[in-house]
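Heads up, final.tsv below (TSV, C-alpha atoms):
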```tsv
chain	number	residue	atom	x	y	z
G	233	MET	CA	-10.43	20.39	21.78
G	234	ILE	CA	-10.25	22.42	18.58
G	235	THR	CA	-12.66	23.18	15.78
G	236	VAL	CA	-11.50	22.41	12.26
G	237	SER	CA	-13.37	23.60	9.18
G	238	LEU	CA	-13.36	21.22	6.24
G	239	GLU	CA	-14.03	23.02	2.98
G	240	ILE	CA	-14.91	20.38	0.40
G	241	GLY	CA	-15.89	21.82	-2.94
G	242	ALA	CA	-18.88	24.06	-2.26
G	243	THR	CA	-19.50	22.41	1.12
G	244	ARG	CA	-18.17	23.80	4.37
G	245	VAL	CA	-18.31	21.51	7.38
G	246	ASP	CA	-17.29	22.50	10.90
G	247	LYS	CA	-16.20	19.54	12.99
G	248	VAL	CA	-14.96	19.40	16.56
G	249	PHE	CA	-12.42	16.73	17.26
G	250	ILE	CA	-9.38	15.95	19.37
G	251	ALA	CA	-6.41	18.13	18.52
G	252	ALA	CA	-4.30	16.20	16.04
G	253	SER	CA	-1.00	16.62	14.30
G	254	SER	CA	1.72	14.85	12.36
G	255	ASN	CA	4.33	16.03	14.87
G	256	GLN	CA	5.77	13.10	16.82
G	257	GLU	CA	7.62	15.10	19.49
G	258	ASP	CA	4.99	14.44	22.18
G	259	ILE	CA	4.61	10.74	21.40
G	260	ALA	CA	7.74	9.03	22.69
G	261	ALA	CA	7.64	7.44	26.13
G	262	THR	CA	9.66	4.98	28.20
G	263	PRO	CA	7.10	2.75	29.92
G	264	THR	CA	7.81	-0.36	31.95
G	265	PRO	CA	6.87	-3.67	30.23
G	266	VAL	CA	3.80	-5.66	31.28
G	267	PRO	CA	2.64	-9.20	30.52
G	268	ILE	CA	0.91	-9.36	27.13
G	269	LEU	CA	-1.49	-11.99	25.83
G	270	LEU	CA	-1.34	-11.82	22.03
G	271	ILE	CA	-4.32	-13.52	20.40
G	272	TYR	CA	-4.58	-13.92	16.64
G	273	SER	CA	-6.59	-15.68	13.95
G	274	GLY	CA	-4.62	-18.89	13.77
G	275	VAL	CA	-6.59	-21.09	11.42
G	276	GLU	CA	-4.02	-22.39	8.95
G	277	THR	CA	-6.52	-23.33	6.22
G	278	TRP	CA	-9.38	-20.97	5.47
G	279	CYS	CA	-12.66	-22.21	4.04
G	280	ARG	CA	-13.27	-19.46	1.52
G	281	SER	CA	-15.17	-19.67	-1.74
G	282	ALA	CA	-12.32	-17.84	-3.44
G	283	THR	CA	-9.24	-19.75	-2.27
G	284	GLN	CA	-6.82	-17.11	-3.56
G	285	ASP	CA	-8.04	-14.86	-0.75
G	286	ASN	CA	-6.26	-17.04	1.82
G	287	ALA	CA	-2.99	-15.12	1.47
G	288	ALA	CA	-4.50	-12.15	3.28
G	289	TYR	CA	-5.31	-14.29	6.32
G	290	ALA	CA	-2.00	-16.15	6.35
G	291	GLU	CA	-0.24	-12.82	6.87
G	292	THR	CA	-1.98	-12.42	10.23
G	293	ILE	CA	-0.15	-15.49	11.52
G	294	GLN	CA	3.21	-14.14	10.36
G	295	THR	CA	2.45	-10.76	11.89
G	296	ALA	CA	1.64	-12.33	15.26
G	297	TYR	CA	5.08	-13.93	15.47
G	298	ALA	CA	6.81	-10.72	14.38
G	299	LEU	CA	4.98	-8.73	17.06
G	300	LYS	CA	5.82	-11.32	19.70
G	301	ASP	CA	9.52	-10.94	18.89
G	302	ALA	CA	9.30	-7.15	18.88
G	303	LEU	CA	7.42	-6.88	22.17
G	304	SER	CA	9.65	-9.49	23.83
G	305	ALA	CA	12.69	-7.47	22.77
G	306	THR	CA	11.43	-4.54	24.84
G	307	GLY	CA	10.97	-6.67	27.94
G	308	HIS	CA	7.32	-7.64	27.70
G	309	SER	CA	6.45	-11.21	28.62
G	310	VAL	CA	4.38	-12.30	25.62
G	311	THR	CA	2.08	-15.31	25.43
G	312	LEU	CA	1.03	-16.11	21.85
G	313	VAL	CA	-2.33	-17.89	21.42
G	314	PRO	CA	-4.05	-18.74	18.10
G	315	VAL	CA	-7.83	-18.68	18.17
G	316	GLY	CA	-10.44	-19.86	15.73
G	317	ARG	CA	-13.66	-19.50	17.72
G	318	LEU	CA	-14.95	-17.25	20.48
G	319	GLU	CA	-14.63	-20.21	22.83
G	320	ASP	CA	-10.89	-20.21	22.09
G	321	VAL	CA	-10.67	-16.58	23.18
G	322	MET	CA	-12.45	-17.41	26.42
G	323	ALA	CA	-10.04	-20.28	27.02
G	324	ALA	CA	-7.04	-18.05	26.26
G	325	VAL	CA	-7.98	-15.46	28.89
G	326	ALA	CA	-9.17	-17.98	31.49
G	327	GLY	CA	-7.16	-17.59	34.66
G	328	THR	CA	-5.56	-14.35	33.46
G	329	ASP	CA	-5.76	-11.29	35.69
G	330	PRO	CA	-7.15	-8.33	33.68
G	331	THR	CA	-5.58	-5.88	36.12
G	332	THR	CA	-2.05	-7.00	35.28
G	333	THR	CA	-2.18	-8.34	31.68
G	334	LEU	CA	-2.72	-6.48	28.42
G	335	VAL	CA	-4.39	-8.27	25.49
G	336	PHE	CA	-3.04	-7.52	22.03
G	337	ASN	CA	-5.93	-8.35	19.71
G	338	LEU	CA	-4.96	-9.56	16.23
G	339	VAL	CA	-8.13	-11.57	15.62
G	340	GLU	CA	-9.36	-10.59	12.15
G	341	GLN	CA	-12.09	-13.19	11.90
G	342	LEU	CA	-13.52	-16.14	13.77
G	343	GLY	CA	-13.32	-19.34	11.76
G	344	ALA	CA	-14.15	-18.70	8.13
G	345	VAL	CA	-16.96	-16.25	8.82
G	346	SER	CA	-16.44	-12.61	7.93
G	347	GLY	CA	-17.87	-9.93	10.16
G	348	GLU	CA	-17.64	-11.79	13.47
G	349	GLU	CA	-14.40	-10.25	14.75
G	350	ALA	CA	-16.26	-7.61	16.79
G	351	GLN	CA	-17.28	-10.41	19.16
G	352	VAL	CA	-13.70	-10.50	20.47
G	353	PRO	CA	-13.41	-6.94	21.84
G	354	ARG	CA	-17.01	-7.19	23.05
G	355	LEU	CA	-16.03	-10.24	25.13
G	356	LEU	CA	-12.84	-8.58	26.38
G	357	ASP	CA	-14.79	-5.52	27.50
G	358	ARG	CA	-17.28	-7.70	29.33
G	359	LEU	CA	-14.45	-9.50	31.15
G	360	GLY	CA	-12.70	-6.26	32.09
G	361	PHE	CA	-9.58	-6.62	29.95
G	362	GLN	CA	-7.60	-3.74	28.54
G	363	TYR	CA	-6.68	-4.53	24.93
G	364	VAL	CA	-4.84	-3.13	21.94
G	365	GLY	CA	-6.97	-2.30	18.94
G	366	ALA	CA	-10.42	-1.27	17.84
G	367	THR	CA	-13.52	-1.48	19.99
G	368	ALA	CA	-16.48	-3.61	18.97
G	369	GLU	CA	-18.42	-0.46	18.09
G	370	ASN	CA	-15.62	0.78	15.85
G	371	LEU	CA	-15.36	-2.56	14.04
G	372	ASP	CA	-19.13	-2.74	13.58
G	373	ALA	CA	-19.20	0.82	12.22
G	374	CYS	CA	-16.47	0.14	9.66
G	375	LEU	CA	-17.47	-3.39	8.68
G	376	ASP	CA	-20.44	-2.53	6.48
G	377	LYS	CA	-18.97	-0.19	3.89
G	378	GLY	CA	-22.39	0.90	2.68
G	379	ASN	CA	-23.49	2.02	6.12
G	380	ALA	CA	-20.11	3.64	6.71
G	381	LYS	CA	-20.36	5.68	3.52
G	382	ALA	CA	-23.87	6.83	4.45
G	383	TYR	CA	-22.55	7.97	7.82
G	384	TRP	CA	-19.61	9.85	6.27
G	385	LEU	CA	-21.92	11.75	3.98
G	386	ASN	CA	-24.16	12.59	6.94
G	387	GLN	CA	-21.10	13.91	8.78
G	388	GLY	CA	-19.97	16.00	5.81
G	389	ILE	CA	-17.07	13.72	4.90
G	390	PRO	CA	-16.72	13.33	1.11
G	391	THR	CA	-17.00	9.89	-0.46
G	392	ALA	CA	-17.95	8.67	-3.94
G	393	PRO	CA	-21.60	8.12	-4.93
G	394	TYR	CA	-22.55	4.50	-4.25
G	395	GLN	CA	-25.25	1.84	-4.22
G	396	VAL	CA	-25.58	-1.42	-2.28
G	397	PHE	CA	-26.95	-4.37	-4.27
G	398	HIS	CA	-28.66	-7.29	-2.58
G	399	HIS	CA	-29.64	-8.75	-5.94
G	400	PRO	CA	-28.03	-8.24	-9.37
G	401	GLY	CA	-31.36	-7.30	-10.93
G	402	GLU	CA	-31.93	-4.14	-8.88
G	403	ALA	CA	-32.32	-0.78	-10.63
G	404	ILE	CA	-28.99	0.96	-11.21
G	405	ILE	CA	-28.66	4.51	-9.92
G	406	VAL	CA	-24.90	4.70	-9.30
G	407	PRO	CA	-22.93	6.61	-11.98
G	408	LEU	CA	-20.65	4.63	-14.30
G	409	PRO	CA	-17.84	3.71	-14.52
G	410	ALA	CA	-17.99	2.07	-11.11
G	411	ILE	CA	-16.10	-0.38	-8.94
G	412	VAL	CA	-17.83	-3.46	-7.49
G	413	LYS	CA	-16.66	-5.00	-4.22
G	414	PRO	CA	-18.02	-7.06	-1.32
G	415	VAL	CA	-19.71	-4.79	1.19
G	416	ALA	CA	-18.01	-6.33	4.24
G	417	GLU	CA	-14.51	-7.49	3.29
G	418	ASP	CA	-11.12	-5.83	3.61
G	419	CYS	CA	-7.57	-6.46	2.32
G	420	SER	CA	-8.86	-5.97	-1.26
G	421	ILE	CA	-10.65	-9.32	-1.02
G	422	GLY	CA	-13.09	-9.69	-3.91
G	423	ILE	CA	-11.46	-6.91	-5.96
G	424	THR	CA	-9.91	-7.78	-9.34
G	425	LEU	CA	-9.46	-5.97	-12.63
G	426	ASP	CA	-12.97	-7.21	-13.47
G	427	SER	CA	-14.29	-5.12	-10.59
G	428	ILE	CA	-14.21	-1.97	-12.73
G	429	VAL	CA	-17.41	-1.88	-14.79
G	430	SER	CA	-18.53	0.57	-17.48
G	431	ASP	CA	-21.88	-0.77	-18.64
G	432	GLU	CA	-25.01	-2.36	-17.20
G	433	PRO	CA	-24.45	-6.02	-18.24
G	434	THR	CA	-20.90	-6.03	-16.84
G	435	LEU	CA	-22.05	-4.39	-13.61
G	436	ARG	CA	-24.80	-6.96	-13.08
G	437	ARG	CA	-22.44	-9.84	-13.87
G	438	GLN	CA	-19.87	-8.61	-11.34
G	439	VAL	CA	-22.53	-7.95	-8.70
G	440	ALA	CA	-23.77	-11.52	-9.14
G	441	PHE	CA	-20.22	-12.83	-8.73
G	442	VAL	CA	-19.70	-10.95	-5.46
G	443	ILE	CA	-23.06	-11.99	-3.99
G	444	GLU	CA	-22.59	-15.66	-4.93
G	445	THR	CA	-18.92	-15.93	-3.98
G	446	TYR	CA	-18.86	-13.94	-0.76
G	447	ARG	CA	-22.46	-14.48	0.37
G	448	GLN	CA	-23.01	-10.82	1.09
G	449	PRO	CA	-24.28	-7.71	-0.71
G	450	ALA	CA	-22.15	-5.92	-3.28
G	451	LEU	CA	-21.07	-2.33	-2.85
G	452	VAL	CA	-20.94	-0.45	-6.14
G	453	GLU	CA	-19.41	3.02	-6.07
G	454	GLN	CA	-18.52	5.48	-8.77
G	455	PHE	CA	-14.92	4.96	-9.83
G	456	LEU	CA	-12.79	8.02	-9.15
G	457	ASP	CA	-9.68	7.92	-11.30
G	458	GLY	CA	-7.32	10.08	-9.26
G	459	ARG	CA	-4.33	9.97	-6.92
G	460	GLU	CA	-4.64	7.44	-4.09
G	461	PHE	CA	-3.25	8.00	-0.60
G	462	ASN	CA	-3.01	5.93	2.57
G	463	VAL	CA	-3.12	7.91	5.81
G	464	SER	CA	-1.84	5.98	8.82
G	465	ILE	CA	-2.98	7.41	12.15
G	466	TRP	CA	-2.12	6.42	15.68
G	467	ASP	CA	-3.57	7.66	18.89
G	468	ASN	CA	-2.28	8.26	22.41
G	469	GLY	CA	-5.35	10.26	23.44
G	470	THR	CA	-4.47	12.68	20.66
G	471	ALA	CA	-4.61	11.42	17.08
G	472	HIS	CA	-1.41	11.84	15.05
G	473	THR	CA	-0.96	11.28	11.34
G	474	LEU	CA	2.14	9.44	10.22
G	475	PRO	CA	3.77	10.44	6.90
G	476	LEU	CA	1.41	10.12	3.94
G	477	ALA	CA	1.87	7.27	1.46
G	478	GLU	CA	0.76	7.31	-2.18
G	479	ILE	CA	0.14	4.37	-4.49
G	480	ASP	CA	2.22	4.89	-7.63
G	481	TYR	CA	0.28	3.66	-10.66
G	482	SER	CA	2.67	5.09	-13.26
G	483	ASP	CA	3.95	1.66	-14.37
G	484	VAL	CA	0.62	-0.14	-14.86
G	485	GLY	CA	-0.23	1.50	-18.18
G	486	GLU	CA	-2.94	3.91	-19.29
G	487	ASN	CA	-5.41	1.19	-20.34
G	488	VAL	CA	-5.23	-0.71	-17.04
G	489	PRO	CA	-7.54	0.47	-14.23
G	490	HIS	CA	-5.63	2.20	-11.46
G	491	ILE	CA	-6.85	0.12	-8.54
G	492	LEU	CA	-5.02	-1.79	-5.84
G	493	HIS	CA	-6.80	-5.08	-6.46
G	494	PHE	CA	-6.09	-8.31	-4.63
G	495	ALA	CA	-3.23	-9.54	-6.85
G	496	ALA	CA	-1.61	-6.10	-6.79
G	497	LYS	CA	-1.63	-6.22	-3.00
G	498	TRP	CA	-0.81	-9.88	-2.32
G	499	ASN	CA	0.72	-11.67	-5.34
G	500	GLU	CA	4.38	-10.70	-5.28
G	501	ASP	CA	4.97	-12.27	-8.71
G	502	SER	CA	2.22	-10.36	-10.48
G	503	PRO	CA	3.00	-7.39	-12.76
G	504	GLU	CA	0.43	-5.36	-10.83
G	505	TYR	CA	2.23	-5.99	-7.51
G	506	LEU	CA	5.53	-4.88	-9.00
G	507	GLY	CA	3.91	-1.96	-10.78
G	508	THR	CA	2.01	-0.41	-7.86
G	509	PRO	CA	4.58	0.54	-5.22
G	510	SER	CA	3.59	2.59	-2.20
G	511	VAL	CA	5.70	5.73	-1.96
G	512	CYS	CA	6.25	7.01	1.57
G	513	PRO	CA	6.65	9.85	2.24
G	514	ALA	CA	4.36	10.88	-0.61
G	515	GLN	CA	5.47	13.71	-2.81
G	516	VAL	CA	2.50	16.02	-2.42
G	517	GLU	CA	2.12	19.77	-2.22
G	518	PRO	CA	1.64	21.04	1.36
G	519	GLU	CA	-1.86	22.46	0.84
G	520	LEU	CA	-3.21	19.19	-0.58
G	521	ALA	CA	-1.39	17.16	2.08
G	522	ASP	CA	-3.03	19.26	4.78
G	523	ARG	CA	-6.45	18.75	3.18
G	524	ILE	CA	-5.89	14.98	3.04
G	525	ARG	CA	-4.78	14.83	6.68
G	526	ARG	CA	-7.75	16.88	7.88
G	527	VAL	CA	-10.27	14.65	6.11
G	528	ALA	CA	-8.50	11.50	7.39
G	529	LEU	CA	-8.40	12.75	10.98
G	530	ALA	CA	-12.05	13.78	10.91
G	531	THR	CA	-12.96	10.32	9.58
G	532	PHE	CA	-10.82	8.62	12.23
G	533	GLN	CA	-12.70	10.48	14.94
G	534	VAL	CA	-16.27	10.18	13.72
G	535	MET	CA	-15.81	6.42	13.22
G	536	GLY	CA	-14.59	5.97	16.79
G	537	CYS	CA	-11.13	4.69	15.86
G	538	ARG	CA	-8.39	4.35	18.47
G	539	ASP	CA	-4.80	3.10	18.88
G	540	PHE	CA	-4.02	2.73	15.17
G	541	ALA	CA	-5.94	2.85	11.91
G	542	ARG	CA	-5.53	3.68	8.23
G	543	VAL	CA	-7.76	5.86	6.09
G	544	ASP	CA	-7.62	5.30	2.32
G	545	ILE	CA	-8.31	8.37	0.22
G	546	ARG	CA	-8.53	9.13	-3.49
G	547	VAL	CA	-8.16	12.73	-4.68
G	548	LYS	CA	-10.26	13.91	-7.62
G	549	ASP	CA	-10.22	17.55	-8.77
G	550	GLY	CA	-8.43	18.51	-5.58
G	551	ILE	CA	-11.05	16.95	-3.28
G	552	PRO	CA	-10.03	14.07	-0.95
G	553	TYR	CA	-12.70	11.35	-1.07
G	554	VAL	CA	-12.63	8.65	1.62
G	555	LEU	CA	-12.53	5.15	0.14
G	556	GLU	CA	-12.28	3.09	3.30
G	557	VAL	CA	-11.40	3.15	6.98
G	558	ASN	CA	-9.28	0.29	8.28
G	559	PRO	CA	-9.32	-0.19	12.06
G	560	ASN	CA	-6.56	-2.57	13.18
G	561	PRO	CA	-4.68	-2.30	9.86
G	562	CYS	CA	-1.91	-4.73	8.98
G	563	LEU	CA	1.11	-4.56	11.32
G	564	ALA	CA	3.32	-6.85	9.24
G	565	PRO	CA	6.93	-5.58	9.11
G	566	SER	CA	6.50	-4.72	5.44
G	567	GLY	CA	3.00	-3.26	5.82
G	568	GLY	CA	1.97	0.29	5.03
G	569	PHE	CA	1.32	1.39	8.62
G	570	VAL	CA	4.70	0.06	9.75
G	571	THR	CA	6.45	1.74	6.82
G	572	ALA	CA	4.86	5.09	7.70
G	573	ALA	CA	5.93	4.69	11.33
G	574	ARG	CA	9.45	3.86	10.21
G	575	VAL	CA	9.61	6.98	8.04
G	576	ALA	CA	8.50	8.96	11.10
G	577	GLY	CA	11.46	7.54	13.04
G	578	PHE	CA	9.93	4.54	14.83
G	579	ASP	CA	11.44	1.14	14.07
G	580	TYR	CA	9.28	-1.97	14.32
G	581	THR	CA	10.18	-2.77	17.92
G	582	CYS	CA	9.59	0.79	19.09
G	583	MET	CA	6.30	1.03	17.20
G	584	ALA	CA	4.92	-2.19	18.73
G	585	HIS	CA	6.03	-1.18	22.22
G	586	GLN	CA	4.53	2.29	21.86
G	587	ILE	CA	1.10	1.06	20.73
G	588	ALA	CA	1.01	-1.42	23.63
G	589	ALA	CA	2.03	1.26	26.13
G	590	TRP	CA	-0.70	3.66	25.02
G	591	ALA	CA	-3.34	0.95	25.23
G	592	TRP	CA	-2.31	0.06	28.77
G	593	ARG	CA	-2.39	3.70	29.87
G	594	ARG	CA	-6.11	3.86	29.20
G	595	ARG	CA	-6.51	2.23	32.60
G	596	GLY	CA	-5.00	5.31	34.18
G	597	ARG	CA	-1.86	3.32	34.99
G	598	HIS	CA	1.63	3.94	33.68
G	599	VAL	CA	3.58	0.92	32.48
```
I'd like the structure from this file rewritten - as C-alpha cells, please.
Amino acid sequence: MITVSLEIGATRVDKVFIAASSNQEDIAATPTPVPILLIYSGVETWCRSATQDNAAYAETIQTAYALKDALSATGHSVTLVPVGRLEDVMAAVAGTDPTTTLVFNLVEQLGAVSGEEAQVPRLLDRLGFQYVGATAENLDACLDKGNAKAYWLNQGIPTAPYQVFHHPGEAIIVPLPAIVKPVAEDCSIGITLDSIVSDEPTLRRQVAFVIETYRQPALVEQFLDGREFNVSIWDNGTAHTLPLAEIDYSDVGENVPHILHFAAKWNEDSPEYLGTPSVCPAQVEPELADRIRRVALATFQVMGCRDFARVDIRVKDGIPYVLEVNPNPCLAPSGGFVTAARVAGFDYTCMAHQIAAWAWRRRGRHV
C-alpha cells in the first residue's frame, strides 16, 4: 500500500490506495484455460422511448461473439448464453459447477429496464460463482451519477458543480452553461447537442425531455469546456492504467459544443462521429498525464472498481475533473478500452484471456 497526495487547485487530499502504475511488465501471465460461461444482454429489440438509443445495446451482442472467438482461440471452452431476465441468468447457470466454471458477465441491462444489471452479480455471488466484471456494489455506486458525484466530492476527487432535477420547475443553483443528461444511463444515451444549455428556459425544457423520455431524474452539471481524456484501467490485484486516450474535437468547429454526444459515439455516418476521433496514446505533457492518472486511479479505488473500468476526465485550467466512471466498459474490438490495451501491447485475444485469468485467480487458484 502507498499513500498518494492529490493536489487539486488549493485542495490537498491524501489518499491510500493499492499501488498502481502504467507499467505492464508485471501483468503478463500464461494461465491454463478453464470453462467459461459468457452471459450477455441478448434482447434483439429494445423497448426504449428513444429508439435511436438501441445501437448502444446492439453492440453488446456483437461484443459477446467477438469475446467468444477470442477466448476460444486461447483454449477456453466458451458457452455463449443470451439473457433478458434474471430468470434467464438462473437458467444459464443451472447445473454448472461454480468451482470449475468462470462466468464472464456482459449483461448491461435486464429487459428494457435501466439500472437492474446489478442483480446479475448479486445473484452470482449468492450462488458462489467467480465472474468477470464489476460487483453489484460497484455497479450500484456508479449507476446514479448524482450520488457518485457527491461521493467523489466527499472523497476529495474533483468533479464539476451539479444539480439533480426530479422536476423541471425546481430552483436552479447549478452554474450555466451546463450539460443535461439522464442520471442513470451510460453510453452517451440521452445526450445530444441540445444537452448543452445556457439559459433557464432551455435548461428546463431539456430537463423535462430527459425526465419524460427516460423516466428518471436529470443530472445537470456545469459544462467544462476543456480537454477530454479516457483513462482505461485494469486490475490484477494492483490497478494499472493503460495508455491515455484523448477525444480530438479540433474538426467539429468553434461554435459546436465539444461533447461526445450519442451520434458522435454511435452514428458512423454523422459529421460528429467523423470529427471526434479518439487519439491513443494521447499527446499530453508528462506532468499533466501523471495528474490525470492519479485522479483516475483514486476514483477507480474509491468506487470499488475491479477487473477493468474506464474513467472519463475533462481538464480545465490544469485540473482533472471526473466526468464519469464506467465499470464494465465496452470490450468491442474497436472500443476505447481495447484500443488502449492494444497500444500497450495486448492484442484482443491476449486482452480477453488476461482479464479472464485474473478474475479466476481471485479464488486463490491458478488457471
Between G:Cys374, G:Ala576, G:Val484, G:Leu456, smallest distance to Asn558 in chain G by all atoms listed in the file belongs to G:Cys374
Nearest-residue call for Ser430 in chain G, choices G:Pro489, G:His585, G:Gly401, G:Thr473, using all atoms listed in the file:
G:Pro489
Exercise: residues within 12 Å of coordinate (-2.0, 2.0, 29.1), counting all atoms listed in the file, as a ChimeraX atom specification
/G:261,263-266,268,331-336,361-364,467-469,539,585-599
Which one is closest to Thr531 in chain G: G:Gly567, G:Pro353, G:Pro518, G:Gly388? Count only C-alpha atoms.
G:Gly388
Within 9 Å of (-10.7, -19.1, 17.0), all atoms listed in the file: residues as a list in words?
Tyr272, Ser273, Gly274, Val275, Pro314, Val315, Gly316, Arg317, Leu318, Glu319, Asp320, Val321, Val339, Gln341, Leu342 and Gly343 of chain G
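Using only C-alpha atoms, the nearest neighbour of Ala528 in chain G within the list G:Lys548, G:His472, G:Arg574, G:His490 is G:His472.
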Nearby residues (all atoms listed in the file) at most 6 Å from range 412-416 of chain G, same-chain spacing under 4 positions excluded, as a ChimeraX atom specification
/G:375-377,422-423,427,442,449-452
Computed interatomic separation between CA of Val554 in chain G and CA of Pro390 in chain G (Å):
6.2 Å
Could you tell me which of G:Phe461, G:Phe532, G:Tyr383, G:Phe540 comes closest to Val511 in chain G if we count all atoms listed in the file?
G:Phe461
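Computed from the coordinates, the CA of Ala366 in chain G to CA of Pro559 in chain G distance equals 6.0 Å.
Put simply, CA of Ala324 in chain G is 15.3 Å away from CA of Ser309 in chain G.
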Return the single residue from G:Val310, G:Leu408, G:Pro400, G:Leu270 that is closest to Ala296 in chain G, with distances computed using only C-alpha atoms.
G:Leu270
Please provide as a list in words all residues within 6 Å of Tyr553 in chain G, with the sequence filter that same-chain residues fewer than 5 positions apart are discarded (counting all atoms listed in the file).
Pro390, Thr391, Ile545, Arg546 and Val547 of chain G
Go ahead and save the picked residues with C-alpha atoms, as a short mmCIF file (atom, residue, chain, number, x, y, z; two decimals), keeping the file's coordinate frame.
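out-v9.cif was written with the following content:
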```cif
data_model
loop_
_atom_site.label_atom_id
_atom_site.label_comp_id
_atom_site.auth_asym_id
_atom_site.auth_seq_id
_atom_site.Cartn_x
_atom_site.Cartn_y
_atom_site.Cartn_z
CA PRO G 390 -16.72 13.33 1.11
CA THR G 391 -17.00 9.89 -0.46
CA ILE G 545 -8.31 8.37 0.22
CA ARG G 546 -8.53 9.13 -3.49
CA VAL G 547 -8.16 12.73 -4.68
#
```
So that I can see what lies close to Ala350 in chain G, please list as a list in words the residues with an atom at most 8 Å from it, counting only C-alpha atoms and leaving out residues fewer than 6 positions away in the same chain.
Thr367, Ala368, Glu369, Leu371 and Asp372 of chain G
Can you tell me which residues surround Gly378 in chain G at a distance of at most 8 Å, considering all atoms listed in the file, apart from same-chain residues fewer than 3 positions away, and format the answer as a short mmCIF file (atom, residue, chain, number, x, y, z; two decimals) with C-alpha atoms, keeping the file's coordinate frame?
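Result file around05.cif:
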```
data_model
loop_
_atom_site.label_atom_id
_atom_site.label_comp_id
_atom_site.auth_asym_id
_atom_site.auth_seq_id
_atom_site.Cartn_x
_atom_site.Cartn_y
_atom_site.Cartn_z
CA LYS G 381 -20.36 5.68 3.52
CA ALA G 382 -23.87 6.83 4.45
CA TYR G 394 -22.55 4.50 -4.25
CA GLN G 395 -25.25 1.84 -4.22
CA VAL G 396 -25.58 -1.42 -2.28
CA VAL G 415 -19.71 -4.79 1.19
CA LEU G 451 -21.07 -2.33 -2.85
#
```
Can you pull out the residues contacting Ile411 in chain G? Cut-off 7 Å, using all atoms listed in the file, and skip same-chain residues under 4 positions away; I want them as number ranges by chain.
G: 427-429, 452-455
Box in all listed atoms of range 561-579 of chain G, axis-aligned, with 8 Å more on each side; write out centre and edge lengths in Å to one decimal as lines of an AutoDock Vina configuration file.
```
center_x = 3.4
center_y = 1.1
center_z = 9.9
size_x = 32.1
size_y = 31.8
size_z = 25.8
```
